[in-house]
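*Asks:* Take a look at this one; I'll ask things after.
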2 protein chains.
Amino acid sequence: MRVGFVGLGAMGMHMARNLHRGGLLAAVWNRTGEKARALASELSVQAPPTLADLASSVDAVVTCVSADADILEVVQQLAPNLRSGALVLDSSTVGAETARKSAELLKPRGVEFLDCPVSGGTEGARDATLAIMVGGNEEAFERAKPILAAMGKAVTHFGPTGSGQAAKATNQIMCAGIIEAVSEAMAFARAQGLPLEKLIDTLGKGAGSSWYFVHRAPNMVRGTFPAGFRVRLHEKDLTICRDMAARFGVTLPVVERMLGEYAELVARGYGDEDISSTFRLKAELFDHTHETNYDSK
Amino acid sequence: MRVGFVGLGAMGMHMARNLHRGGLLAAVWNRTGEKARALASELSVQAPPTLADLASSVDAVVTCVSADADILEVVQQLAPNLRSGALVLDSSTVGAETARKSAELLKPRGVEFLDCPVSGGTEGARDATLAIMVGGNEEAFERAKPILAAMGKAVTHFGPTGSGQAAKATNQIMCAGIIEAVSEAMAFARAQGLPLEKLIDTLGKGAGSSWYFVHRAPNMVRGTFPAGFRVRLHEKDLTICRDMAARFGVTLPVVERMLGEYAELVARGYGDEDISSTFRLKAELFDHTHETNYDSK
């Protein structure tokens, strides 16, 4: 199977390299062509000038772009030149509706679309240990397995088109609520004068624990928030969650609150920090307040 | 060391039995005397008629009561009859300020007070696997270790009086935010038509995971919420967190929101369900709404 890769960002670059290691990569394309030509030259694969050229030379395309509009545009440009029976795997995090629209665009061409958002960050992308959440036709999923296996570890098919994005969105909602809970709890604990490392060690083993507490509460103790999962990326994902909920006429409290916190962090220049940076805002609640307890007796 | 136990509720009854197994239990007292007399008769220990009587016959007292007022009342009644050098270990979850007041009441008598709130539920109490978070004098903590070890497994000393309660409060804030996040995410996922068991299995291994997701999201799939950690108990604990934060002039968003949700659940008769019952309210957001997506094409 000859695979083309579209979108050589921080994630895509690693994923393309892993497809190459798996012997699957035939061509790459990137909006900034220079990046594609450099990688193509290094790996001895093609760097066709247009998406249409790429489409006509491969059996499958993996896309990794930023936003809903981007993937729709890419799919529109790929569609006319893809052969019937080809696959498009979109690893971007976008709305479920965008996945369904993409599938609709490709259907008349006999091309199957799979939404395959990933989780695991640039580290997971580099090490091919990404979790990949897949939505789309079962038969297409079976055919796509070698491609998915070259890029990730835990590959799960959740159902029809859009369900990969829905699973990813569910995860992002949880991350939002958990990072808020951990931030608020840690700000409270610090104000109480607790020994924070000991606290993380102890509570990290209990029922109040979470991945984020164990792995990101130490950032809060140190006051440094290296990415990690960038505030502006989670903000983008939560906007998708907001839109998906809005289709049901629903406003999600956790999502709305964290979008507010992230907007504040971005406005202050912290958009490229890890989301544990929310601790900044929670800690401020306790600054400059009239601390009335802790009798000095 | 002769230990008296005060407060034979769902937790206290198990903890007293574990002290007995450890050869430490000398006497028991309970507001409803019948319970104390029955246990005393079964275990062949004393059931003195008053707290003053209990105080004069032991080297240490473990208390396990419901509210801040209760523990202050119990300590006031114990104080005059405790010998100098005696210990009082309060395993109740109350405010850090109440712990400090209790310590102040006992200090003139030469009695040391340790706040020792526990986590692990009735199961942990029964199996002596409780996590115990201790605040108070270091030397007193050393002397109390055999008592603590008879009731729990992970025993951690966090610092001066009140810091055990502060650690417990930190944990309860995290539980609040996490259960909200899990509830909201699961309600969203159900509305999206995702296969929920597969979702729990997959996301439970990722960075959005938490103890509550792995152990309580299945309740949400089944729609049954057996306790567990009862809504009305967590509500009580969050009231303590609210008060502790208010001493800094701070209102904690996660705490306030969940107190609102719990008040609603209690009002509807769900106060004795597990806190995963918050899923009821989140799921309602998606009921009777104008679902506009899922094109029928």
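Residue numbering restarts at 1 for every chain of the structure tokens, chains are lettered A, B, ... in their displayed order, and ligands are numbered from 1 as they appear.
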Specify as a PyMOL selection string all residues of chain B found within 6 Å of chain A, counting only C-alpha atoms.
*Replies:* chain B and resi 170-171+173-175+177-178+181-182+185+189+207-211+247-249+289-292
*Asks:* Run DSSP on the backbone and grab whatever in range 48-263 of chain B lands in helix (DSSP H, G or I); send it over as number ranges by chain.
*Replies:* B: 51-56, 68-81, 96-109, 121-127, 138-151, 163-191, 196-203, 211-222, 231-246, 253-263
*Asks:* Which value, in Å to one decimal, gives the distance between CA of Leu72 in chain B and CA of Glu273 in chain B?
*Replies:*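 Going from CA of Leu72 in chain B over to CA of Glu273 in chain B covers 28.9 Å.
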*Asks:* Take chain A, lay it over chain B with a least-squares fit on all the Cα atoms in order, then hand it over as an mmCIF file with C-alpha atoms, in the first residue's frame.
*Replies:*
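This is the output file out-v1.cif:
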data_model
loop_
_atom_site.group_PDB
_atom_site.id
_atom_site.type_symbol
_atom_site.label_atom_id
_atom_site.label_comp_id
_atom_site.auth_asym_id
_atom_site.auth_seq_id
_atom_site.Cartn_x
_atom_site.Cartn_y
_atom_site.Cartn_z
ATOM 1 C CA MET A 1 -1.840 1.045 75.540
ATOM 2 C CA ARG A 2 -5.535 1.122 76.451
ATOM 3 C CA VAL A 3 -7.669 2.773 73.764
ATOM 4 C CA GLY A 4 -11.238 4.006 73.991
ATOM 5 C CA PHE A 5 -13.358 4.393 70.899
ATOM 6 C CA VAL A 6 -16.106 7.012 70.518
ATOM 7 C CA GLY A 7 -18.647 6.938 67.671
ATOM 8 C CA LEU A 8 -19.750 3.516 66.453
ATOM 9 C CA GLY A 9 -21.204 4.485 63.078
ATOM 10 C CA ALA A 10 -20.660 2.677 59.775
ATOM 11 C CA MET A 11 -16.968 3.532 59.851
ATOM 12 C CA GLY A 12 -16.358 3.588 63.579
ATOM 13 C CA MET A 13 -17.767 0.136 64.193
ATOM 14 C CA HIS A 14 -15.195 -1.423 61.861
ATOM 15 C CA MET A 15 -12.359 0.700 63.184
ATOM 16 C CA ALA A 16 -13.161 -0.254 66.782
ATOM 17 C CA ARG A 17 -13.159 -3.923 65.806
ATOM 18 C CA ASN A 18 -9.742 -3.522 64.192
ATOM 19 C CA LEU A 19 -8.392 -1.887 67.326
ATOM 20 C CA HIS A 20 -9.724 -4.890 69.217
ATOM 21 C CA ARG A 21 -7.959 -7.266 66.816
ATOM 22 C CA GLY A 22 -4.787 -5.301 67.474
ATOM 23 C CA GLY A 23 -5.247 -5.877 71.212
ATOM 24 C CA LEU A 24 -5.703 -2.161 71.866
ATOM 25 C CA LEU A 25 -9.410 -1.662 72.537
ATOM 26 C CA ALA A 26 -10.364 -1.152 76.189
ATOM 27 C CA ALA A 27 -13.686 0.706 76.008
ATOM 28 C CA VAL A 28 -16.321 2.009 73.607
ATOM 29 C CA TRP A 29 -18.874 4.800 73.774
ATOM 30 C CA ASN A 30 -21.641 5.799 71.436
ATOM 31 C CA ARG A 31 -24.383 8.433 71.599
ATOM 32 C CA THR A 32 -26.902 5.612 71.258
ATOM 33 C CA GLY A 33 -25.649 3.581 74.173
ATOM 34 C CA GLU A 34 -27.239 0.339 73.055
ATOM 35 C CA LYS A 35 -24.777 -0.025 70.202
ATOM 36 C CA ALA A 36 -21.821 0.446 72.528
ATOM 37 C CA ARG A 37 -23.122 -2.047 75.091
ATOM 38 C CA ALA A 38 -23.717 -4.682 72.401
ATOM 39 C CA LEU A 39 -20.225 -4.327 70.960
ATOM 40 C CA ALA A 40 -18.631 -4.192 74.417
ATOM 41 C CA SER A 41 -20.392 -7.361 75.428
ATOM 42 C CA GLU A 42 -19.343 -9.126 72.209
ATOM 43 C CA LEU A 43 -15.702 -8.080 72.506
ATOM 44 C CA SER A 44 -15.490 -8.197 76.306
ATOM 45 C CA VAL A 45 -14.470 -4.572 76.649
ATOM 46 C CA GLN A 46 -15.949 -1.756 78.772
ATOM 47 C CA ALA A 47 -18.934 0.360 77.830
ATOM 48 C CA PRO A 48 -18.755 3.204 80.364
ATOM 49 C CA PRO A 49 -21.943 5.245 80.727
ATOM 50 C CA THR A 50 -20.337 8.639 80.117
ATOM 51 C CA LEU A 51 -17.480 10.102 78.117
ATOM 52 C CA ALA A 52 -15.959 11.239 81.393
ATOM 53 C CA ASP A 53 -15.907 7.639 82.619
ATOM 54 C CA LEU A 54 -14.343 6.466 79.389
ATOM 55 C CA ALA A 55 -11.715 9.212 79.561
ATOM 56 C CA SER A 56 -10.558 8.185 83.016
ATOM 57 C CA SER A 57 -10.025 4.557 82.053
ATOM 58 C CA VAL A 58 -7.822 4.835 78.896
ATOM 59 C CA ASP A 59 -4.498 6.153 77.564
ATOM 60 C CA ALA A 60 -5.889 7.244 74.218
ATOM 61 C CA VAL A 61 -9.262 7.935 72.633
ATOM 62 C CA VAL A 62 -10.144 7.543 68.952
ATOM 63 C CA THR A 63 -13.196 9.539 67.884
ATOM 64 C CA CYS A 64 -15.269 9.047 64.761
ATOM 65 C CA VAL A 65 -18.245 11.416 64.721
ATOM 66 C CA SER A 66 -20.208 13.350 62.120
ATOM 67 C CA ALA A 67 -19.773 17.062 62.407
ATOM 68 C CA ASP A 68 -17.604 19.857 63.758
ATOM 69 C CA ALA A 69 -19.950 20.561 66.683
ATOM 70 C CA ASP A 70 -19.948 16.881 67.666
ATOM 71 C CA ILE A 71 -16.211 16.559 67.992
ATOM 72 C CA LEU A 72 -15.905 19.783 69.989
ATOM 73 C CA GLU A 73 -18.584 18.548 72.375
ATOM 74 C CA VAL A 74 -16.925 15.143 72.757
ATOM 75 C CA VAL A 75 -13.522 16.693 73.373
ATOM 76 C CA GLN A 76 -14.985 19.035 75.996
ATOM 77 C CA GLN A 77 -16.476 16.091 77.854
ATOM 78 C CA LEU A 78 -13.331 13.990 77.614
ATOM 79 C CA ALA A 79 -10.870 16.722 78.573
ATOM 80 C CA PRO A 80 -11.333 16.957 82.374
ATOM 81 C CA ASN A 81 -10.816 13.238 82.942
ATOM 82 C CA LEU A 82 -8.011 12.389 80.554
ATOM 83 C CA ARG A 83 -4.648 11.813 82.194
ATOM 84 C CA SER A 84 -1.722 14.027 81.276
ATOM 85 C CA GLY A 85 0.134 12.470 78.335
ATOM 86 C CA ALA A 86 -3.006 10.903 76.903
ATOM 87 C CA LEU A 87 -3.800 11.125 73.186
ATOM 88 C CA VAL A 88 -6.985 12.018 71.345
ATOM 89 C CA LEU A 89 -7.129 10.920 67.690
ATOM 90 C CA ASP A 90 -10.061 12.350 65.749
ATOM 91 C CA SER A 91 -10.774 10.391 62.608
ATOM 92 C CA SER A 92 -13.834 12.484 61.692
ATOM 93 C CA THR A 93 -13.737 14.728 58.642
ATOM 94 C CA VAL A 94 -14.162 18.241 60.008
ATOM 95 C CA GLY A 95 -12.595 21.639 59.414
ATOM 96 C CA ALA A 96 -8.925 22.328 60.156
ATOM 97 C CA GLU A 97 -10.065 25.088 62.497
ATOM 98 C CA THR A 98 -12.111 22.603 64.513
ATOM 99 C CA ALA A 99 -9.003 20.445 64.836
ATOM 100 C CA ARG A 100 -7.075 23.448 66.132
ATOM 101 C CA LYS A 101 -9.832 24.289 68.597
ATOM 102 C CA SER A 102 -9.852 20.684 69.823
ATOM 103 C CA ALA A 103 -6.114 20.794 70.341
ATOM 104 C CA GLU A 104 -6.466 24.030 72.287
ATOM 105 C CA LEU A 105 -9.090 22.487 74.555
ATOM 106 C CA LEU A 106 -6.833 19.556 75.396
ATOM 107 C CA LYS A 107 -3.539 21.397 75.749
ATOM 108 C CA PRO A 108 -4.102 22.648 79.336
ATOM 109 C CA ARG A 109 -4.658 19.020 80.367
ATOM 110 C CA GLY A 110 -1.347 17.917 78.882
ATOM 111 C CA VAL A 111 -3.253 15.876 76.305
ATOM 112 C CA GLU A 112 -2.129 15.789 72.660
ATOM 113 C CA PHE A 113 -4.653 15.946 69.850
ATOM 114 C CA LEU A 114 -4.129 14.496 66.353
ATOM 115 C CA ASP A 115 -6.508 15.134 63.483
ATOM 116 C CA CYS A 116 -6.613 11.852 61.549
ATOM 117 C CA PRO A 117 -9.302 11.967 58.858
ATOM 118 C CA VAL A 118 -9.453 8.799 56.831
ATOM 119 C CA SER A 119 -10.281 7.832 53.286
ATOM 120 C CA GLY A 120 -11.218 4.466 51.866
ATOM 121 C CA GLY A 121 -14.852 4.137 52.900
ATOM 122 C CA THR A 122 -16.505 1.422 54.932
ATOM 123 C CA GLU A 123 -14.577 -1.180 52.948
ATOM 124 C CA GLY A 124 -11.260 0.380 53.938
ATOM 125 C CA ALA A 125 -12.491 0.667 57.525
ATOM 126 C CA ARG A 126 -13.453 -3.017 57.598
ATOM 127 C CA ASP A 127 -10.227 -4.241 56.006
ATOM 128 C CA ALA A 128 -7.984 -1.853 57.953
ATOM 129 C CA THR A 129 -6.731 -0.451 54.648
ATOM 130 C CA LEU A 130 -7.777 3.160 55.268
ATOM 131 C CA ALA A 131 -5.538 5.993 54.199
ATOM 132 C CA ILE A 132 -5.069 8.158 57.270
ATOM 133 C CA MET A 133 -4.000 11.794 56.975
ATOM 134 C CA VAL A 134 -2.538 13.046 60.207
ATOM 135 C CA GLY A 135 -1.944 16.517 61.601
ATOM 136 C CA GLY A 136 -0.418 17.341 64.964
ATOM 137 C CA ASN A 137 2.654 17.124 67.100
ATOM 138 C CA GLU A 138 5.359 14.841 65.674
ATOM 139 C CA GLU A 139 6.062 13.133 68.997
ATOM 140 C CA ALA A 140 2.358 12.447 69.534
ATOM 141 C CA PHE A 141 2.195 11.015 66.026
ATOM 142 C CA GLU A 142 5.033 8.615 66.864
ATOM 143 C CA ARG A 143 3.225 7.456 69.982
ATOM 144 C CA ALA A 144 -0.046 7.063 68.053
ATOM 145 C CA LYS A 145 1.460 4.885 65.337
ATOM 146 C CA PRO A 146 0.380 1.510 66.775
ATOM 147 C CA ILE A 147 -3.200 2.769 66.987
ATOM 148 C CA LEU A 148 -3.152 4.169 63.454
ATOM 149 C CA ALA A 149 -1.506 1.038 62.075
ATOM 150 C CA ALA A 150 -4.292 -1.104 63.523
ATOM 151 C CA MET A 151 -6.921 0.847 61.548
ATOM 152 C CA GLY A 152 -5.239 1.812 58.292
ATOM 153 C CA LYS A 153 -2.509 1.152 55.797
ATOM 154 C CA ALA A 154 -1.199 4.393 54.321
ATOM 155 C CA VAL A 155 -0.626 6.615 57.330
ATOM 156 C CA THR A 156 0.891 10.008 56.525
ATOM 157 C CA HIS A 157 1.845 12.836 58.857
ATOM 158 C CA PHE A 158 1.352 16.154 57.053
ATOM 159 C CA GLY A 159 2.390 18.653 59.699
ATOM 160 C CA PRO A 160 0.868 20.620 62.582
ATOM 161 C CA THR A 161 -2.690 20.297 63.879
ATOM 162 C CA GLY A 162 -5.235 20.779 61.103
ATOM 163 C CA SER A 163 -2.991 19.609 58.279
ATOM 164 C CA GLY A 164 -4.586 16.159 58.251
ATOM 165 C CA GLN A 165 -7.946 17.830 57.676
ATOM 166 C CA ALA A 166 -6.400 20.130 55.064
ATOM 167 C CA ALA A 167 -5.026 17.129 53.152
ATOM 168 C CA LYS A 168 -8.389 15.393 53.304
ATOM 169 C CA ALA A 169 -10.160 18.564 52.112
ATOM 170 C CA THR A 170 -7.738 18.793 49.179
ATOM 171 C CA ASN A 171 -8.670 15.266 48.208
ATOM 172 C CA GLN A 172 -12.390 16.018 48.442
ATOM 173 C CA ILE A 173 -12.025 19.032 46.151
ATOM 174 C CA MET A 174 -10.338 16.833 43.574
ATOM 175 C CA CYS A 175 -13.045 14.187 43.827
ATOM 176 C CA ALA A 176 -15.670 16.884 43.248
ATOM 177 C CA GLY A 177 -14.109 18.225 40.079
ATOM 178 C CA ILE A 178 -13.316 14.786 38.738
ATOM 179 C CA ILE A 179 -16.773 13.344 39.262
ATOM 180 C CA GLU A 180 -18.222 16.375 37.500
ATOM 181 C CA ALA A 181 -15.803 15.949 34.604
ATOM 182 C CA VAL A 182 -16.525 12.237 34.297
ATOM 183 C CA SER A 183 -20.296 12.792 34.507
ATOM 184 C CA GLU A 184 -20.310 15.524 31.913
ATOM 185 C CA ALA A 185 -18.052 13.587 29.561
ATOM 186 C CA MET A 186 -20.122 10.407 29.886
ATOM 187 C CA ALA A 187 -23.397 12.255 29.289
ATOM 188 C CA PHE A 188 -21.838 13.798 26.185
ATOM 189 C CA ALA A 189 -20.548 10.412 25.015
ATOM 190 C CA ARG A 190 -23.927 8.773 25.465
ATOM 191 C CA ALA A 191 -25.644 11.527 23.496
ATOM 192 C CA GLN A 192 -23.079 10.961 20.741
ATOM 193 C CA GLY A 193 -24.120 7.322 20.573
ATOM 194 C CA LEU A 194 -20.684 5.979 21.487
ATOM 195 C CA PRO A 195 -20.226 2.388 22.726
ATOM 196 C CA LEU A 196 -19.664 3.330 26.360
ATOM 197 C CA GLU A 197 -17.982 0.221 27.689
ATOM 198 C CA LYS A 198 -15.425 0.307 24.903
ATOM 199 C CA LEU A 199 -14.947 4.002 25.581
ATOM 200 C CA ILE A 200 -14.248 3.424 29.285
ATOM 201 C CA ASP A 201 -11.801 0.700 28.421
ATOM 202 C CA THR A 202 -9.929 2.895 25.936
ATOM 203 C CA LEU A 203 -9.961 6.297 27.647
ATOM 204 C CA GLY A 204 -9.323 4.629 30.994
ATOM 205 C CA LYS A 205 -5.787 3.911 29.805
ATOM 206 C CA GLY A 206 -5.072 7.447 28.642
ATOM 207 C CA ALA A 207 -4.142 10.820 30.076
ATOM 208 C CA GLY A 208 -7.785 11.772 30.654
ATOM 209 C CA SER A 209 -8.213 8.879 33.049
ATOM 210 C CA SER A 210 -8.846 8.893 36.766
ATOM 211 C CA TRP A 211 -9.822 6.479 39.508
ATOM 212 C CA TYR A 212 -13.385 7.765 39.315
ATOM 213 C CA PHE A 213 -13.594 7.256 35.562
ATOM 214 C CA VAL A 214 -12.380 3.683 35.715
ATOM 215 C CA HIS A 215 -14.419 2.739 38.798
ATOM 216 C CA ARG A 216 -17.566 4.863 38.531
ATOM 217 C CA ALA A 217 -18.200 5.527 34.819
ATOM 218 C CA PRO A 218 -19.579 1.941 34.614
ATOM 219 C CA ASN A 219 -22.282 3.036 37.113
ATOM 220 C CA MET A 220 -23.255 5.695 34.602
ATOM 221 C CA VAL A 221 -23.558 3.135 31.827
ATOM 222 C CA ARG A 222 -25.796 0.961 34.007
ATOM 223 C CA GLY A 223 -27.741 3.895 35.437
ATOM 224 C CA THR A 224 -27.336 2.596 38.989
ATOM 225 C CA PHE A 225 -25.325 4.405 41.633
ATOM 226 C CA PRO A 226 -24.836 2.193 44.682
ATOM 227 C CA ALA A 227 -22.823 3.829 47.501
ATOM 228 C CA GLY A 228 -19.798 4.038 47.302
ATOM 229 C CA PHE A 229 -19.277 7.537 48.502
ATOM 230 C CA ARG A 230 -22.656 8.996 49.394
ATOM 231 C CA VAL A 231 -23.753 12.327 47.930
ATOM 232 C CA ARG A 232 -24.727 13.699 51.340
ATOM 233 C CA LEU A 233 -21.349 12.823 52.857
ATOM 234 C CA HIS A 234 -19.390 14.456 50.064
ATOM 235 C CA GLU A 235 -21.764 17.413 50.342
ATOM 236 C CA LYS A 236 -20.832 17.689 54.026
ATOM 237 C CA ASP A 237 -17.124 17.473 53.183
ATOM 238 C CA LEU A 238 -17.426 20.155 50.513
ATOM 239 C CA THR A 239 -19.145 22.438 52.987
ATOM 240 C CA ILE A 240 -16.009 22.056 55.111
ATOM 241 C CA CYS A 241 -13.846 22.897 52.068
ATOM 242 C CA ARG A 242 -16.034 25.947 51.406
ATOM 243 C CA ASP A 243 -15.561 27.140 54.983
ATOM 244 C CA MET A 244 -11.815 26.539 54.924
ATOM 245 C CA ALA A 245 -11.501 28.536 51.687
ATOM 246 C CA ALA A 246 -13.784 31.265 53.024
ATOM 247 C CA ARG A 247 -11.234 31.904 55.776
ATOM 248 C CA PHE A 248 -8.988 33.173 52.962
ATOM 249 C CA GLY A 249 -11.847 35.174 51.480
ATOM 250 C CA VAL A 250 -11.895 32.706 48.593
ATOM 251 C CA THR A 251 -14.815 31.064 46.816
ATOM 252 C CA LEU A 252 -13.801 27.857 45.042
ATOM 253 C CA PRO A 253 -15.617 27.352 41.723
ATOM 254 C CA VAL A 254 -15.443 23.547 41.662
ATOM 255 C CA VAL A 255 -16.666 23.309 45.241
ATOM 256 C CA GLU A 256 -19.537 25.746 44.752
ATOM 257 C CA ARG A 257 -20.723 24.077 41.578
ATOM 258 C CA MET A 258 -20.765 20.622 43.073
ATOM 259 C CA LEU A 259 -22.507 21.816 46.217
ATOM 260 C CA GLY A 260 -25.214 23.073 43.879
ATOM 261 C CA GLU A 261 -25.433 19.727 42.101
ATOM 262 C CA TYR A 262 -25.499 17.788 45.359
ATOM 263 C CA ALA A 263 -28.227 20.007 46.810
ATOM 264 C CA GLU A 264 -30.292 19.197 43.728
ATOM 265 C CA LEU A 265 -29.623 15.457 44.074
ATOM 266 C CA VAL A 266 -30.482 15.461 47.782
ATOM 267 C CA ALA A 267 -33.677 17.399 47.070
ATOM 268 C CA ARG A 268 -34.666 14.715 44.611
ATOM 269 C CA GLY A 269 -34.027 11.913 47.078
ATOM 270 C CA TYR A 270 -30.655 10.751 45.754
ATOM 271 C CA GLY A 271 -28.586 11.810 48.759
ATOM 272 C CA ASP A 272 -27.699 8.250 49.683
ATOM 273 C CA GLU A 273 -26.501 7.292 46.218
ATOM 274 C CA ASP A 274 -22.862 7.270 45.180
ATOM 275 C CA ILE A 275 -21.576 10.632 43.924
ATOM 276 C CA SER A 276 -21.500 9.200 40.387
ATOM 277 C CA SER A 277 -25.226 9.951 40.610
ATOM 278 C CA THR A 278 -24.262 13.424 39.313
ATOM 279 C CA PHE A 279 -24.523 11.720 35.930
ATOM 280 C CA ARG A 280 -28.307 11.997 36.355
ATOM 281 C CA LEU A 281 -28.122 15.776 36.138
ATOM 282 C CA LYS A 282 -25.608 15.862 33.306
ATOM 283 C CA ALA A 283 -27.562 13.340 31.266
ATOM 284 C CA GLU A 284 -30.692 15.468 31.660
ATOM 285 C CA LEU A 285 -28.942 18.294 29.855
ATOM 286 C CA PHE A 286 -29.146 16.153 26.741
ATOM 287 C CA ASP A 287 -32.718 14.964 27.240
ATOM 288 C CA HIS A 288 -35.592 16.613 25.442
ATOM 289 C CA THR A 289 -33.256 18.745 23.394
ATOM 290 C CA HIS A 290 -33.462 19.489 19.715
ATOM 291 C CA GLU A 291 -30.906 17.056 18.436
ATOM 292 C CA THR A 292 -29.993 18.546 15.106
ATOM 293 C CA ASN A 293 -27.184 16.356 13.858
ATOM 294 C CA TYR A 294 -27.045 12.687 12.953
ATOM 295 C CA ASP A 295 -28.356 13.140 9.474
ATOM 296 C CA SER A 296 -30.539 10.206 8.578
ATOM 297 C CA LYS A 297 -28.825 9.890 5.190
#
